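Student: Structure below; questions to follow.
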Amino acid sequence: MRVMPAVGLSLLVMAGSLSGGMASDLQPDLFGPVGQPAPRPGLLSEFRLGVSAQDPWGPESNSANLTGEILFAKPFTTADLFTSYFIPRPHIGGSVNFSGNTSFAYAGLTWTIDITPRVFIEGSFGGAIHNGETSAYTVPVGRAALGCSPLFRESGSIGVRLSANWSLLATVEHLSNAGLCDQNRGLTNIGARVGYTF
């Protein structure tokens with residue numbers, strides 16, 4: 001009879017669709033249920049490594065630094081992109097001078113704003129401790145008169161995302177005591193860093 005091939009074909013089609021549905025049920029849901037918040041990211045957000053010119057227009061010019069920074073995940077997130085720009089990432093970092101001039105360690109908060117999907121700008125604010133000159137009287141030639149420790153630290157960067165994980169940043173950072181100590185020469189460094197996002 002001609003009915004049998006048709007029934008057999010129908011059964012095969014139904015079995016295929018059921019097995020496909022069961023296979024999809026076994027696959028993990030990578031994006032979570034619709035309407036649920038995204039999974040919370042890990043503790044670390046990004047690691048950066050780079051070099052900078054030490055105070056090019058100051059007494060500690062003609063020397064360079066090795067810099068490193070770790071950015072932590074935002075303490076909380078929001079679905080609204082504009083609001084998320086106001087939530088900073090905490091950071092810690094350090095700068096080691098190759099010529100024995102001022103080196104420092106720092107911590108603070110970083111705000112990142114996307115200009116395009118690839119280009120972003122960034123600002124940070126915090127504090128730094130250093131091994132530089134804090135004397136209120138005589139400061140050796142070739143050293144910056146920083147007045148005291150700790151200092152305030154601010155930085156600004158423009159960056160380009162090279163891929164989903166890698167980015168390149170040009171950064172200017174400034175350290176000073178905002179006039180709270182007897183001397184306040186400050187320190188301004190200019191450099192480039194490579195970032196890896198986890």
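FYI, nothing fancy with the structure tokens labels: chains A, B, ... in order, residues from 1 per chain, ligands from 1 as they appear.
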Which parts of region 10-185 of chain A does DSSP call helix (DSSP H, G or I) when run on the backbone here, written out as number ranges by chain?
Tutor: A: 10-26, 81-84
Student: Restricting the calculation to only C-alpha atoms, which member of A:Thr188, A:Asn131, A:Thr197, A:Thr77 is positioned closest to Asp55 (chain A)?
Tutor: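 Among the listed residues, A:Thr188 lies closest to Asp55 (chain A).
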Student: Would you mind listing what lies within 10 Å of region 134-151 of chain A as an NGL selection string, with only C-alpha atoms counted and same-chain residues fewer than 2 positions away left out?
Tutor: :A and (55 or 58-62 or 100-102 or 104-106 or 126-132 or 153-154 or 174-187)
Student: Assign secondary structure with DSSP using the backbone only, and return the residues of region 66-185 of chain A in strand (DSSP E) as number ranges by chain.
Tutor: A: 66-72, 89-97, 104-114, 119-130, 151-161, 166-176
Student: Any chance you can output those residues with C-alpha atoms as an mmCIF file, in the first residue's frame?
Tutor:
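Now in again_14.cif:
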data_model
loop_
_atom_site.group_PDB
_atom_site.id
_atom_site.type_symbol
_atom_site.label_atom_id
_atom_site.label_comp_id
_atom_site.auth_asym_id
_atom_site.auth_seq_id
_atom_site.Cartn_x
_atom_site.Cartn_y
_atom_site.Cartn_z
ATOM 1 C CA LEU A 66 57.635 50.735 33.539
ATOM 2 C CA THR A 67 53.955 50.931 34.499
ATOM 3 C CA GLY A 68 51.394 48.322 35.490
ATOM 4 C CA GLU A 69 47.756 48.552 36.488
ATOM 5 C CA ILE A 70 44.940 46.208 37.508
ATOM 6 C CA LEU A 71 41.318 47.301 37.102
ATOM 7 C CA PHE A 72 38.622 45.505 39.062
ATOM 8 C CA ARG A 89 36.048 50.552 38.162
ATOM 9 C CA PRO A 90 38.446 50.490 41.144
ATOM 10 C CA HIS A 91 42.116 50.228 40.214
ATOM 11 C CA ILE A 92 45.574 49.728 41.710
ATOM 12 C CA GLY A 93 48.863 50.277 39.942
ATOM 13 C CA GLY A 94 52.478 51.283 40.058
ATOM 14 C CA SER A 95 55.252 53.024 38.151
ATOM 15 C CA VAL A 96 58.947 52.131 38.502
ATOM 16 C CA ASN A 97 61.515 54.611 37.200
ATOM 17 C CA PHE A 104 55.124 55.339 43.032
ATOM 18 C CA ALA A 105 52.177 53.065 43.773
ATOM 19 C CA TYR A 106 48.590 54.237 43.429
ATOM 20 C CA ALA A 107 44.922 53.334 43.810
ATOM 21 C CA GLY A 108 41.673 54.988 42.796
ATOM 22 C CA LEU A 109 38.654 54.884 40.493
ATOM 23 C CA THR A 110 38.463 54.789 36.673
ATOM 24 C CA TRP A 111 35.585 55.931 34.432
ATOM 25 C CA THR A 112 35.482 54.657 30.820
ATOM 26 C CA ILE A 113 33.246 56.146 28.088
ATOM 27 C CA ASP A 114 32.845 54.621 24.623
ATOM 28 C CA VAL A 119 37.440 54.061 20.502
ATOM 29 C CA PHE A 120 37.037 55.122 24.137
ATOM 30 C CA ILE A 121 38.179 57.819 26.537
ATOM 31 C CA GLU A 122 38.985 57.390 30.184
ATOM 32 C CA GLY A 123 39.547 59.406 33.321
ATOM 33 C CA SER A 124 40.749 58.350 36.754
ATOM 34 C CA PHE A 125 41.223 59.881 40.184
ATOM 35 C CA GLY A 126 42.867 58.605 43.354
ATOM 36 C CA GLY A 127 45.962 58.778 45.511
ATOM 37 C CA ALA A 128 49.599 57.714 45.311
ATOM 38 C CA ILE A 129 52.492 57.034 47.645
ATOM 39 C CA HIS A 130 56.031 57.589 46.344
ATOM 40 C CA LEU A 151 49.764 62.723 46.651
ATOM 41 C CA PHE A 152 46.637 63.063 44.541
ATOM 42 C CA ARG A 153 46.806 61.285 41.175
ATOM 43 C CA GLU A 154 44.699 62.025 38.097
ATOM 44 C CA SER A 155 44.996 60.532 34.627
ATOM 45 C CA GLY A 156 43.362 60.788 31.228
ATOM 46 C CA SER A 157 43.556 58.291 28.367
ATOM 47 C CA ILE A 158 42.325 57.726 24.856
ATOM 48 C CA GLY A 159 42.172 54.110 23.779
ATOM 49 C CA VAL A 160 41.508 51.839 20.823
ATOM 50 C CA ARG A 161 40.157 48.297 21.146
ATOM 51 C CA TRP A 166 43.197 43.670 23.678
ATOM 52 C CA SER A 167 43.389 47.468 23.697
ATOM 53 C CA LEU A 168 46.012 50.194 23.266
ATOM 54 C CA LEU A 169 45.945 53.432 25.315
ATOM 55 C CA ALA A 170 47.798 56.756 25.266
ATOM 56 C CA THR A 171 47.847 58.149 28.817
ATOM 57 C CA VAL A 172 48.767 61.353 30.642
ATOM 58 C CA GLU A 173 48.993 61.208 34.448
ATOM 59 C CA HIS A 174 49.664 63.915 37.016
ATOM 60 C CA LEU A 175 50.622 63.670 40.683
ATOM 61 C CA SER A 176 50.562 66.628 43.089
#
Student: Which residue, A:Leu81, A:Pro56, A:Ser103, A:Ala164, has the smallest gap to Glu133 (chain A) when you use only C-alpha atoms?
Tutor: A:Ser103
Student: Report, in Å to a single decimal, how far apart CA of Ser52 (chain A) and CA of Pro75 (chain A) are.
Tutor: 29.3 Å
Student: Choose the residue, out of A:Lys74, A:Phe82, A:Asn189, A:Asn165, that has the smallest atom-to-atom separation from Arg48 (chain A); count only C-alpha atoms.
Tutor: A:Asn165
